[in-house]
file data-v3.txt (compact mmCIF, C-alpha atoms)
# COMPACT_ATOMS: atom_id res chain seq x y z
CA MET V 7 10.66 34.43 -46.04
CA ALA V 8 11.46 30.79 -45.34
CA ASN V 9 11.82 31.76 -41.74
CA THR V 10 8.09 32.15 -41.19
CA LYS V 11 7.43 28.71 -42.56
CA ALA V 12 9.91 27.15 -40.14
CA LEU V 13 8.38 29.09 -37.30
CA VAL V 14 4.89 27.88 -38.11
CA LYS V 15 6.09 24.32 -38.21
CA ARG V 16 7.90 24.57 -34.94
CA ARG V 17 4.97 26.23 -33.23
CA LYS V 18 2.68 23.46 -34.36
CA SER V 19 4.96 20.81 -32.92
CA VAL V 20 5.14 22.60 -29.57
CA VAL V 21 1.34 22.91 -29.53
CA ASN V 22 1.15 19.14 -29.98
CA THR V 23 3.62 18.58 -27.18
CA ARG V 24 1.54 20.75 -24.93
CA LYS V 25 -1.51 18.71 -25.76
CA ILE V 26 0.28 15.53 -24.74
CA THR V 27 1.76 16.87 -21.53
CA LYS V 28 -1.53 18.42 -20.56
CA THR V 29 -3.33 15.11 -21.01
CA MET V 30 -0.65 13.29 -19.07
CA GLU V 31 -1.00 15.83 -16.31
CA LYS V 32 -4.71 15.19 -16.13
CA VAL V 33 -4.25 11.43 -16.12
CA ALA V 34 -1.64 11.68 -13.39
CA THR V 35 -3.94 13.90 -11.34
CA ALA V 36 -6.74 11.35 -11.56
CA ARG V 37 -4.43 8.48 -10.68
CA LEU V 38 -2.92 10.45 -7.86
CA ALA V 39 -6.35 10.98 -6.34
CA LYS V 40 -6.93 7.25 -6.44
CA ALA V 41 -3.52 6.39 -5.04
CA GLN V 42 -3.91 8.94 -2.29
CA ALA V 43 -7.30 7.54 -1.36
CA ALA V 44 -5.76 4.07 -1.14
CA ALA V 45 -2.97 5.36 1.07
CA ILE V 46 -5.47 7.07 3.34
CA ALA V 47 -7.67 3.97 3.49
CA ALA V 48 -4.72 1.98 4.80
CA ARG V 49 -4.17 4.31 7.72
CA PRO V 50 -6.76 3.01 10.20
CA TYR V 51 -5.30 -0.47 9.93
CA ALA V 52 -1.76 0.70 10.50
CA LYS V 53 -2.84 2.86 13.40
CA LYS V 54 -4.79 0.10 15.09
CA LEU V 55 -1.94 -2.31 14.60
CA GLN V 56 0.37 0.09 16.44
CA GLN V 57 -2.05 0.40 19.28
CA VAL V 58 -2.64 -3.31 19.61
CA ILE V 59 1.06 -3.99 19.71
CA GLY V 60 1.48 -1.35 22.37
CA ASP V 61 -1.21 -3.07 24.42
CA LEU V 62 0.30 -6.48 23.91
CA ALA V 63 3.79 -5.31 24.70
CA SER V 64 2.75 -3.79 27.99
CA ALA V 65 0.80 -6.90 28.90
CA SER V 66 3.50 -9.46 28.37
CA SER V 67 6.50 -9.21 30.62
CA ASP V 68 9.23 -10.60 28.47
CA ILE V 69 8.87 -10.07 24.81
CA ARG V 70 10.96 -12.24 22.67
CA HIS V 71 10.34 -12.88 19.05
CA PRO V 72 12.62 -13.89 16.21
CA LEU V 73 11.63 -10.76 14.28
CA LEU V 74 12.75 -8.52 17.12
CA GLU V 75 16.14 -10.12 17.58
CA THR V 76 19.12 -8.60 15.88
CA HIS V 77 21.38 -11.17 14.36
CA ASP V 78 25.02 -11.36 15.22
CA PRO V 79 27.06 -11.38 13.06
CA VAL V 80 25.16 -9.59 10.33
CA LYS V 81 26.17 -11.07 7.02
CA LYS V 82 23.40 -10.70 4.53
CA ALA V 83 20.92 -7.92 3.87
CA VAL V 84 17.95 -7.76 1.56
CA VAL V 85 17.22 -4.45 -0.07
CA ILE V 86 13.87 -3.91 -1.71
CA VAL V 87 13.80 -0.98 -4.09
CA LEU V 88 10.51 0.39 -5.34
CA THR V 89 10.55 2.43 -8.52
CA SER V 90 8.07 3.14 -11.31
CA ASP V 91 7.60 1.35 -14.59
CA ARG V 92 7.16 4.52 -16.58
CA GLY V 93 9.30 7.59 -16.82
CA LEU V 94 8.38 11.22 -17.43
CA CYS V 95 8.06 11.84 -13.76
CA GLY V 96 10.91 14.21 -13.07
CA GLY V 97 13.57 13.13 -10.65
CA PHE V 98 11.32 10.59 -8.96
CA ASN V 99 13.21 7.45 -9.93
CA ALA V 100 16.61 9.12 -9.95
CA ASN V 101 16.09 10.14 -6.33
CA ILE V 102 15.08 6.67 -5.27
CA ILE V 103 18.04 5.15 -7.05
CA ARG V 104 20.36 7.64 -5.41
CA ALA V 105 18.98 6.66 -2.01
CA ALA V 106 19.42 3.01 -2.93
CA ARG V 107 23.04 3.62 -3.92
CA ASP V 108 23.73 5.43 -0.66
CA LEU V 109 22.29 2.53 1.29
CA ASN V 110 24.24 0.17 -0.88
CA ALA V 111 27.49 1.95 -0.10
CA ASP V 112 26.70 1.89 3.62
CA LEU V 113 25.96 -1.80 3.62
CA GLU V 114 29.02 -2.58 1.56
CA LYS V 115 31.16 -0.64 3.98
CA ARG V 116 29.88 -2.94 6.70
CA GLY V 117 30.95 -5.84 4.56
CA LEU V 118 27.50 -7.25 3.98
CA GLN V 119 26.35 -9.43 1.22
CA ILE V 120 23.45 -7.66 -0.48
CA GLU V 121 20.47 -9.20 -2.16
CA ARG V 122 18.41 -6.78 -4.22
CA VAL V 123 14.76 -7.02 -5.07
CA VAL V 124 13.63 -4.38 -7.52
CA GLN V 125 10.14 -3.33 -8.46
CA GLY V 126 9.63 -1.20 -11.56
CA LYS V 127 11.34 -1.08 -14.97
CA LYS V 128 13.14 2.15 -14.22
CA GLY V 129 14.90 0.71 -11.22
CA ILE V 130 15.76 -2.48 -13.04
CA ASN V 131 17.33 -0.57 -15.91
CA ALA V 132 19.29 1.67 -13.58
CA PHE V 133 20.59 -1.28 -11.59
CA ARG V 134 21.62 -3.11 -14.73
CA TYR V 135 23.48 -0.02 -15.82
CA LEU V 136 25.20 0.18 -12.45
CA ASN V 137 26.04 -3.51 -12.68
CA PHE V 138 24.26 -4.35 -9.47
CA PRO V 139 23.14 -7.95 -9.47
CA ILE V 140 19.38 -8.25 -8.94
CA ALA V 141 17.90 -11.28 -7.22
CA LYS V 142 14.28 -10.70 -8.09
CA THR V 143 12.28 -8.25 -10.14
CA TYR V 144 8.69 -7.18 -10.28
CA VAL V 145 7.31 -5.34 -13.28
CA GLY V 146 3.92 -3.87 -14.05
CA VAL V 147 2.69 -3.88 -10.52
CA SER V 148 3.44 -0.39 -9.28
CA ASP V 149 0.16 1.08 -10.48
CA ARG V 150 -2.10 -0.72 -8.10
CA PRO V 151 -0.35 -2.08 -5.05
CA THR V 152 -2.21 -4.94 -3.44
CA TYR V 153 -1.85 -6.20 0.07
CA ALA V 154 -1.49 -9.69 -1.34
CA ARG V 155 1.73 -8.71 -3.09
CA ALA V 156 3.05 -6.97 0.00
CA GLU V 157 2.23 -10.13 1.93
CA GLU V 158 4.05 -12.26 -0.58
CA ILE V 159 7.19 -10.17 -0.36
CA ALA V 160 7.03 -9.85 3.42
CA ASP V 161 6.29 -13.53 3.97
CA SER V 162 9.43 -14.62 2.23
CA LEU V 163 11.45 -12.06 4.20
CA ILE V 164 9.95 -13.19 7.50
CA ASP V 165 10.49 -16.82 6.67
CA ARG V 166 14.11 -16.34 5.72
CA TYR V 167 14.77 -14.03 8.63
CA GLY V 168 13.48 -16.67 11.00
CA LYS V 169 15.83 -19.22 9.47
CA LYS V 170 18.70 -16.75 9.77
CA GLU V 171 19.27 -16.83 6.05
CA ILE V 172 19.08 -13.07 6.04
CA ASP V 173 20.07 -10.71 8.81
CA GLU V 174 18.60 -7.37 7.82
CA ALA V 175 16.01 -6.07 5.41
CA TYR V 176 15.49 -2.61 3.98
CA ILE V 177 12.99 -1.02 1.71
CA VAL V 178 13.87 1.98 -0.43
CA TYR V 179 10.98 4.01 -1.75
CA SER V 180 9.73 7.52 -2.10
CA SER V 181 7.65 8.74 0.77
CA PHE V 182 4.73 10.94 -0.12
CA ILE V 183 4.97 14.16 1.80
CA SER V 184 2.77 16.46 -0.25
CA MET V 185 1.55 16.98 -3.77
CA THR V 186 4.82 18.67 -4.60
CA THR V 187 7.27 16.91 -2.32
CA GLN V 188 8.35 13.32 -2.25
CA ARG V 189 11.34 12.26 -0.29
CA PRO V 190 13.29 9.09 -1.04
CA LYS V 191 13.58 6.99 2.04
CA ALA V 192 15.52 3.91 3.05
CA GLU V 193 13.69 2.18 5.82
CA LYS V 194 14.85 -0.76 7.87
CA ILE V 195 12.05 -3.28 8.11
CA LEU V 196 13.89 -6.17 9.75
CA PRO V 197 14.72 -6.64 12.52
CA LEU V 198 11.80 -4.73 13.96
CA SER V 199 12.86 -1.89 16.17
CA SER V 200 11.95 -1.93 19.82
CA LEU V 201 8.31 -2.40 20.67
CA LYS V 202 7.94 0.53 22.97
CA GLY V 203 8.87 3.23 20.56
CA ASP V 204 8.42 3.53 16.86
CA GLU V 205 7.49 0.33 15.17
CA GLY V 206 9.40 -0.67 12.12
CA GLY V 207 6.28 -0.37 10.04
CA ALA V 208 4.08 2.52 9.10
CA LYS V 209 6.29 5.12 10.66
CA LYS V 210 4.35 8.07 9.36
CA ASP V 211 1.38 6.84 11.29
CA ALA V 212 3.31 6.47 14.47
CA ALA V 213 3.40 10.22 14.83
CA SER V 214 -0.35 10.42 14.68
CA ALA V 215 -0.78 7.48 17.00
CA PRO V 216 0.69 8.36 20.35
CA ALA V 217 -2.01 6.01 21.61
CA ALA V 218 0.44 3.18 21.18
CA ALA V 219 2.60 4.60 23.90
CA LYS V 220 -0.02 5.46 26.44
CA SER V 221 -2.46 2.60 26.07
CA THR V 222 -2.24 0.01 28.76
CA GLY V 223 -2.61 -3.68 28.29
CA ALA V 224 -4.00 -4.04 31.78
CA GLY V 225 -7.46 -5.49 32.09
CA TYR V 226 -7.51 -7.41 28.87
CA LEU V 227 -8.41 -11.03 28.58
CA PHE V 228 -6.14 -12.75 26.13
CA HIS V 229 -7.14 -15.57 23.93
CA PRO V 230 -4.66 -17.22 23.58
CA ASP V 231 -1.83 -15.77 25.72
CA PRO V 232 -0.35 -12.38 24.79
CA LYS V 233 2.90 -13.91 23.65
CA THR V 234 1.24 -16.10 21.06
CA ILE V 235 -0.90 -13.22 19.86
CA LEU V 236 2.14 -11.03 19.60
CA SER V 237 3.97 -13.60 17.55
CA GLU V 238 1.04 -13.62 15.13
CA VAL V 239 0.73 -9.87 15.04
CA LEU V 240 4.39 -8.91 14.58
CA PRO V 241 4.63 -10.33 11.06
CA LEU V 242 1.68 -8.10 10.21
CA VAL V 243 3.82 -5.09 11.02
CA VAL V 244 6.39 -6.16 8.45
CA LYS V 245 3.68 -6.78 5.85
CA MET V 246 2.10 -3.47 6.57
CA SER V 247 5.36 -1.57 6.26
CA VAL V 248 5.92 -3.10 2.86
CA PHE V 249 2.36 -2.29 1.88
CA THR V 250 2.50 1.33 3.07
CA ALA V 251 5.77 1.79 1.22
CA MET V 252 4.13 0.53 -1.96
CA LEU V 253 1.12 2.79 -1.53
CA GLU V 254 3.22 5.84 -0.84
CA ASN V 255 5.50 5.08 -3.70
CA THR V 256 2.60 4.88 -6.13
CA ALA V 257 1.11 8.11 -4.83
CA GLY V 258 4.54 9.70 -5.07
CA GLU V 259 5.02 8.56 -8.64
CA HIS V 260 1.79 10.12 -9.79
CA ALA V 261 2.42 13.29 -7.85
CA ALA V 262 5.88 13.57 -9.39
CA ARG V 263 4.52 12.95 -12.86
CA ARG V 264 1.75 15.45 -12.39
CA LEU V 265 4.25 18.09 -11.38
CA ALA V 266 6.68 17.24 -14.16
CA MET V 267 3.90 17.38 -16.73
CA LYS V 268 2.58 20.62 -15.33
CA ASN V 269 6.02 22.16 -15.66
CA ALA V 270 6.33 20.80 -19.18
CA THR V 271 2.94 22.24 -20.11
CA ASP V 272 3.90 25.61 -18.69
CA ALA V 273 7.19 25.56 -20.54
CA ALA V 274 5.39 24.64 -23.76
CA GLU V 275 3.02 27.54 -23.27
CA ASP V 276 5.91 29.95 -22.83
CA MET V 277 7.54 28.62 -25.94
CA ILE V 278 4.33 28.91 -27.95
CA ARG V 279 3.96 32.50 -26.86
CA MET V 280 7.52 33.25 -27.87
CA LEU V 281 7.23 31.51 -31.22
CA THR V 282 3.95 33.27 -31.97
CA ARG V 283 5.57 36.60 -31.26
CA GLN V 284 8.54 35.78 -33.45
CA TYR V 285 6.26 34.64 -36.23
CA ASN V 286 4.15 37.79 -36.05
CA ARG V 287 7.23 39.95 -36.05
CA ALA V 288 8.63 38.17 -39.06
CA ARG V 289 5.31 38.44 -40.89
CA GLN V 290 5.03 42.13 -40.02
CA SER V 291 8.52 42.93 -41.20
CA LYS V 292 7.85 41.08 -44.41
CA ILE V 293 4.76 43.16 -45.08
CA THR V 294 6.58 46.35 -44.19
CA GLN V 295 9.32 45.42 -46.55
CA GLU V 296 6.88 44.69 -49.34
CA ILE V 297 5.14 48.02 -48.86
CA ALA V 298 8.50 49.76 -48.87
CA GLU V 299 9.36 47.99 -52.08
CA ILE V 300 6.06 48.95 -53.71
CA VAL V 301 6.48 52.56 -52.59
CA GLY V 302 10.03 52.48 -53.87
CA TRP V 303 8.87 51.20 -57.24
CA ALA V 304 6.07 53.79 -57.43
CA GLU V 305 8.52 56.59 -56.74
CA ALA V 306 10.95 55.30 -59.29
CA LEU V 307 8.28 55.41 -61.97
CA MET W 161 -31.41 -14.51 21.09
CA ALA W 162 -33.18 -11.21 20.59
CA ASP W 163 -33.90 -10.73 24.29
CA VAL W 164 -30.30 -11.54 25.14
CA HIS W 165 -29.16 -8.81 22.80
CA SER W 166 -31.48 -6.21 24.19
CA ALA W 167 -30.76 -7.19 27.80
CA SER W 168 -28.11 -4.61 28.48
CA GLY W 169 -29.72 -2.00 26.25
CA LYS W 170 -26.33 -0.86 25.01
CA GLN W 171 -24.77 -1.35 21.66
CA ILE W 172 -21.38 -2.31 20.44
CA HIS W 173 -19.50 -0.23 17.96
CA LEU W 174 -17.86 -2.56 15.50
CA THR W 175 -15.18 -1.71 12.96
CA VAL W 176 -13.75 -4.27 10.61
CA ILE W 177 -10.53 -2.98 9.10
CA THR W 178 -8.37 -4.43 6.35
CA PRO W 179 -5.19 -2.85 5.01
CA ALA W 180 -7.09 -1.84 1.90
CA ARG W 181 -10.17 -0.32 3.47
CA THR W 182 -12.60 -0.18 6.35
CA VAL W 183 -15.16 -2.85 5.59
CA PHE W 184 -17.65 -2.28 8.38
CA ASN W 185 -18.10 0.63 10.73
CA GLU W 186 -21.48 0.57 12.47
CA ASP W 187 -23.22 -0.06 15.73
CA ALA W 188 -24.27 -3.63 16.40
CA ALA W 189 -26.31 -5.43 19.02
CA GLY W 190 -24.07 -8.45 19.00
CA LEU W 191 -21.63 -10.41 16.93
CA VAL W 192 -20.08 -13.81 16.56
CA VAL W 193 -16.47 -13.94 15.45
CA PRO W 194 -14.46 -16.89 14.18
CA ALA W 195 -11.74 -17.15 16.81
CA PHE W 196 -8.72 -19.29 15.98
CA ASP W 197 -10.17 -22.24 17.92
CA GLY W 198 -13.92 -21.85 17.40
CA GLU W 199 -16.62 -19.25 17.38
CA LEU W 200 -16.81 -16.56 19.97
CA GLY W 201 -19.80 -14.38 20.77
CA VAL W 202 -19.51 -10.77 21.84
CA LEU W 203 -22.42 -8.90 23.38
CA PRO W 204 -22.55 -5.40 24.83
CA GLY W 205 -20.69 -5.18 28.12
CA HIS W 206 -18.18 -7.83 27.18
CA ALA W 207 -14.94 -7.79 29.13
CA ALA W 208 -11.90 -6.30 27.45
CA LEU W 209 -10.50 -8.99 25.23
CA MET W 210 -7.88 -9.61 22.63
CA ALA W 211 -8.16 -12.72 20.54
CA LEU W 212 -6.68 -14.25 17.46
CA LEU W 213 -9.07 -15.08 14.66
CA GLY W 214 -9.15 -17.85 12.15
CA ALA W 215 -10.57 -17.78 8.65
CA GLY W 216 -14.33 -17.91 8.91
CA GLU W 217 -17.61 -16.12 9.14
CA LEU W 218 -18.22 -12.99 11.16
CA ARG W 219 -21.93 -12.63 11.95
CA ILE W 220 -23.27 -9.30 13.03
CA THR W 221 -26.74 -8.63 14.46
CA ARG W 222 -27.87 -5.03 14.36
CA ALA W 223 -30.18 -3.46 16.92
CA ASP W 224 -33.15 -3.76 14.56
CA GLY W 225 -32.53 -7.48 14.22
CA SER W 226 -31.10 -7.32 10.71
CA LYS W 227 -28.00 -9.39 10.14
CA LYS W 228 -24.83 -9.06 8.21
CA ARG W 229 -22.31 -11.71 7.41
CA LEU W 230 -18.69 -11.15 6.51
CA ALA W 231 -15.96 -13.52 5.53
CA VAL W 232 -12.73 -12.74 7.34
CA ARG W 233 -9.33 -14.24 6.66
CA GLY W 234 -7.99 -14.60 10.16
CA GLY W 235 -6.57 -11.61 11.95
CA PHE W 236 -7.22 -10.17 15.29
CA LEU W 237 -10.05 -9.04 17.57
CA GLN W 238 -9.97 -6.37 20.21
CA VAL W 239 -12.87 -5.67 22.56
CA SER W 240 -12.68 -2.71 24.87
CA ALA W 241 -15.58 -0.85 26.50
CA ASN W 242 -18.15 -1.83 23.89
CA VAL W 243 -15.81 -0.92 21.07
CA VAL W 244 -14.91 -3.91 18.96
CA THR W 245 -12.19 -3.78 16.36
CA VAL W 246 -11.43 -6.57 13.95
CA LEU W 247 -8.16 -6.37 12.06
CA THR W 248 -8.01 -8.80 9.19
CA PRO W 249 -5.88 -9.03 6.07
CA GLU W 250 -8.93 -9.59 3.91
CA SER W 251 -12.65 -9.40 4.37
CA VAL W 252 -15.67 -9.47 2.13
CA ALA W 253 -19.40 -9.21 2.84
CA ALA W 254 -21.32 -12.42 2.16
CA GLU W 255 -23.49 -10.70 -0.45
CA ASP W 256 -20.42 -9.38 -2.26
CA ILE W 257 -18.87 -12.78 -2.85
CA ASP W 258 -18.75 -13.45 -6.54
CA ALA W 259 -19.71 -17.11 -6.90
CA ALA W 260 -18.48 -17.54 -10.46
CA LYS W 261 -15.15 -15.94 -9.76
CA LEU W 262 -14.73 -17.89 -6.56
CA ASP W 263 -15.44 -21.21 -8.29
CA LYS W 264 -12.87 -20.43 -10.92
CA GLU W 265 -10.39 -19.63 -8.18
CA LEU W 266 -11.18 -22.86 -6.37
CA GLU W 267 -10.78 -24.85 -9.51
CA ALA W 268 -7.42 -23.30 -10.26
CA LEU W 269 -6.23 -23.92 -6.71
CA ARG W 270 -7.37 -27.52 -6.75
CA ALA W 271 -5.64 -28.10 -10.06
CA ASP W 272 -2.43 -26.64 -8.65
CA GLN W 273 -0.06 -29.58 -8.19
CA SER W 274 2.87 -27.72 -6.72
CA THR W 275 5.38 -30.01 -5.12
CA ASP W 276 7.48 -27.29 -3.58
CA LEU W 277 6.71 -27.20 0.12
CA LYS W 278 6.44 -23.44 0.32
CA ALA W 279 4.28 -23.15 -2.74
CA ARG W 280 2.04 -25.83 -1.32
CA ASP W 281 1.67 -24.02 1.96
CA LEU W 282 0.70 -20.89 0.09
CA ARG W 283 -1.80 -22.81 -2.01
CA ASP W 284 -3.32 -24.46 1.05
CA GLU W 285 -3.66 -21.08 2.67
CA LYS W 286 -5.44 -19.70 -0.37
CA LEU W 287 -7.58 -22.77 -0.66
CA LYS W 288 -8.67 -22.48 2.93
CA TRP W 289 -9.73 -18.91 2.40
CA ALA W 290 -11.58 -19.80 -0.81
CA VAL W 291 -13.36 -22.71 0.86
CA THR W 292 -14.33 -20.48 3.77
CA ARG W 293 -15.94 -18.02 1.40
CA ARG W 294 -17.64 -20.84 -0.45
CA HIS W 295 -19.16 -22.11 2.80
CA ILE W 296 -20.38 -18.67 3.70
CA LEU W 297 -21.97 -18.32 0.32
CA GLU W 298 -23.66 -21.71 0.66
CA ALA W 299 -24.85 -21.00 4.19
CA GLY W 300 -26.50 -17.81 3.01
CA LYS W 301 -28.31 -19.62 0.21
CA GLY W 302 -29.51 -22.58 2.27
CA ALA W 303 -30.71 -20.72 5.31
CA GLY W 304 -32.38 -17.92 3.44
CA ARG W 305 -32.90 -15.11 5.91
CA ASN W 306 -33.01 -16.36 9.44
call {"tool": "encode", "arguments": {"input": "data-v3.txt", "output": "structure tokens"}}
result
Amino acid sequence: MANTKALVKRRKSVVNTRKITKTMEKVATARLAKAQAAAIAARPYAKKLQQVIGDLASASSDIRHPLLETHDPVKKAVVIVLTSDRGLCGGFNANIIRAARDLNADLEKRGLQIERVVQGKKGINAFRYLNFPIAKTYVGVSDRPTYARAEEIADSLIDRYGKKEIDEAYIVYSSFISMTTQRPKAEKILPLSSLKGDEGGAKKDAASAPAAAKSTGAGYLFHPDPKTILSEVLPLVVKMSVFTAMLENTAGEHAARRLAMKNATDAAEDMIRMLTRQYNRARQSKITQEIAEIVGWAEAL
Amino acid sequence: MADVHSASGKQIHLTVITPARTVFNEDAAGLVVPAFDGELGVLPGHAALMALLGAGELRITRADGSKKRLAVRGGFLQVSANVVTVLTPESVAAEDIDAAKLDKELEALRADQSTDLKARDLRDEKLKWAVTRRHILEAGKGAGRN
């Protein structure tokens, strides 16, 4: 039967697919471990930053800083969208892009001019398809986020915010919740929200750092005065929120890919099992038929 | 110096944190940090303090007298009840500075003839940090172990 031949061929191809997806799963797992370690290593810094700002805020009576001031009227917003360069990671990029579109619609409703900065090939392609103009792109950097890059992006935002060239800034990325869950998130990074509560940056650490709220700035010597220190420290919050977003996004990408590849491997296994069964059945029925034919012939003689 | 350090008998716990990792997390007998306007010494029992740092060398003396030197790229110092925290965007131990790589970096930065004001600022910033590390490297070589 020609059928068995086709089955053998198909089974072989699925076995190959499984090999590929399994390897990709392993690679993603290894990368995820690294990305997760990087995200965890960034936590002490973010936490301390929160605490220091809490201390500074309670020490200085009137806090005024260009980064804290909301602009009026709000005319132009910068939206930074972080996606991955490579696909095969389930709905990871699609979810981020959906979040970016939602934000986009919101901002447009408010009549804002939007400037988009996109990291990752997948996001760039999607935005081109949607006919969204892109001001700046970054490619090939999502794998290993560096603080230097976060600084570069944040510095230009801070600079332009100070000059009132831009009035708001957002970052859209996928927050890493667990190995199996990533949630797309649109976070406002400028202007910074009020000092007392949640800082604009590193929100996920704010929950674990109630210290920021209860620490008192009393008793500290300041060198120089708290206001000057604060004005140096606040930009760090913006940089850090960009950096944490990058770290989480990378971790999320690998987690999403790991899961997608695991599902693909499982599906391939199911299919192999089914094809093997079909092949065996076909082979068996062929043999049975042959025996029947031989018996038939023998009887006829 | 040694008797000054042992005077109060207590130690300082010092952590040096960068966004990428925790660089140093140990007890120390004393340290000298590069504040924004000059060096600043911190010994056990120091008053609570917050200070801005400049790019420079952070020198740590451990209780056994051994020393450690770190390059820090500005940032922030917090002293509170013998706990000292240094937040800095970048830090590297003196012995981990790669001379060859650093020289290449310096060369590239010095060759950079950007005319754009912003690009120049960025270059100057990088250059300052590279020069700081270079100095720290040199200081370590010249002084041997003192």
call {"tool": "atom_distance", "arguments": {"input": "data-v3.txt", "atom1": "atom CA of V:Gln57", "atom2": "atom CA of V:Val239"}}
result
11.5 Å
call {"tool": "interface_residues", "arguments": {"input": "data-v3.txt", "of": "chain V", "to": "chain W", "cutoff": "9 Å", "atoms": "only C-alpha atoms", "output": "VMD selection string"}}
result
chain V and resid 44 to 52 54 to 55 58 62 152 to 154 225 to 232 234 to 235 238 to 239 242 246 249 to 250
call {"tool": "closest_residue", "arguments": {"input": "data-v3.txt", "among": "V:Val244, V:Val84, V:Ala105, V:Leu136", "to": "V:Glu121", "atoms": "only C-alpha atoms"}}
result
V:Val84
call {"tool": "closest_residue", "arguments": {"input": "data-v3.txt", "among": "V:Leu265, V:Leu113, V:Ile69, V:Leu198", "to": "V:Ser247", "atoms": "all atoms listed in the file"}}
result
V:Leu198
call {"tool": "axis_aligned_box", "arguments": {"input": "data-v3.txt", "around": "stretch 286-292 of chain W", "padding_each_side": "6 Å", "output": "lines of an AutoDock Vina configuration file"}}
result
center_x = -9.9
center_y = -20.8
center_z = 1.5
size_x = 20.9
size_y = 15.9
size_z = 16.6
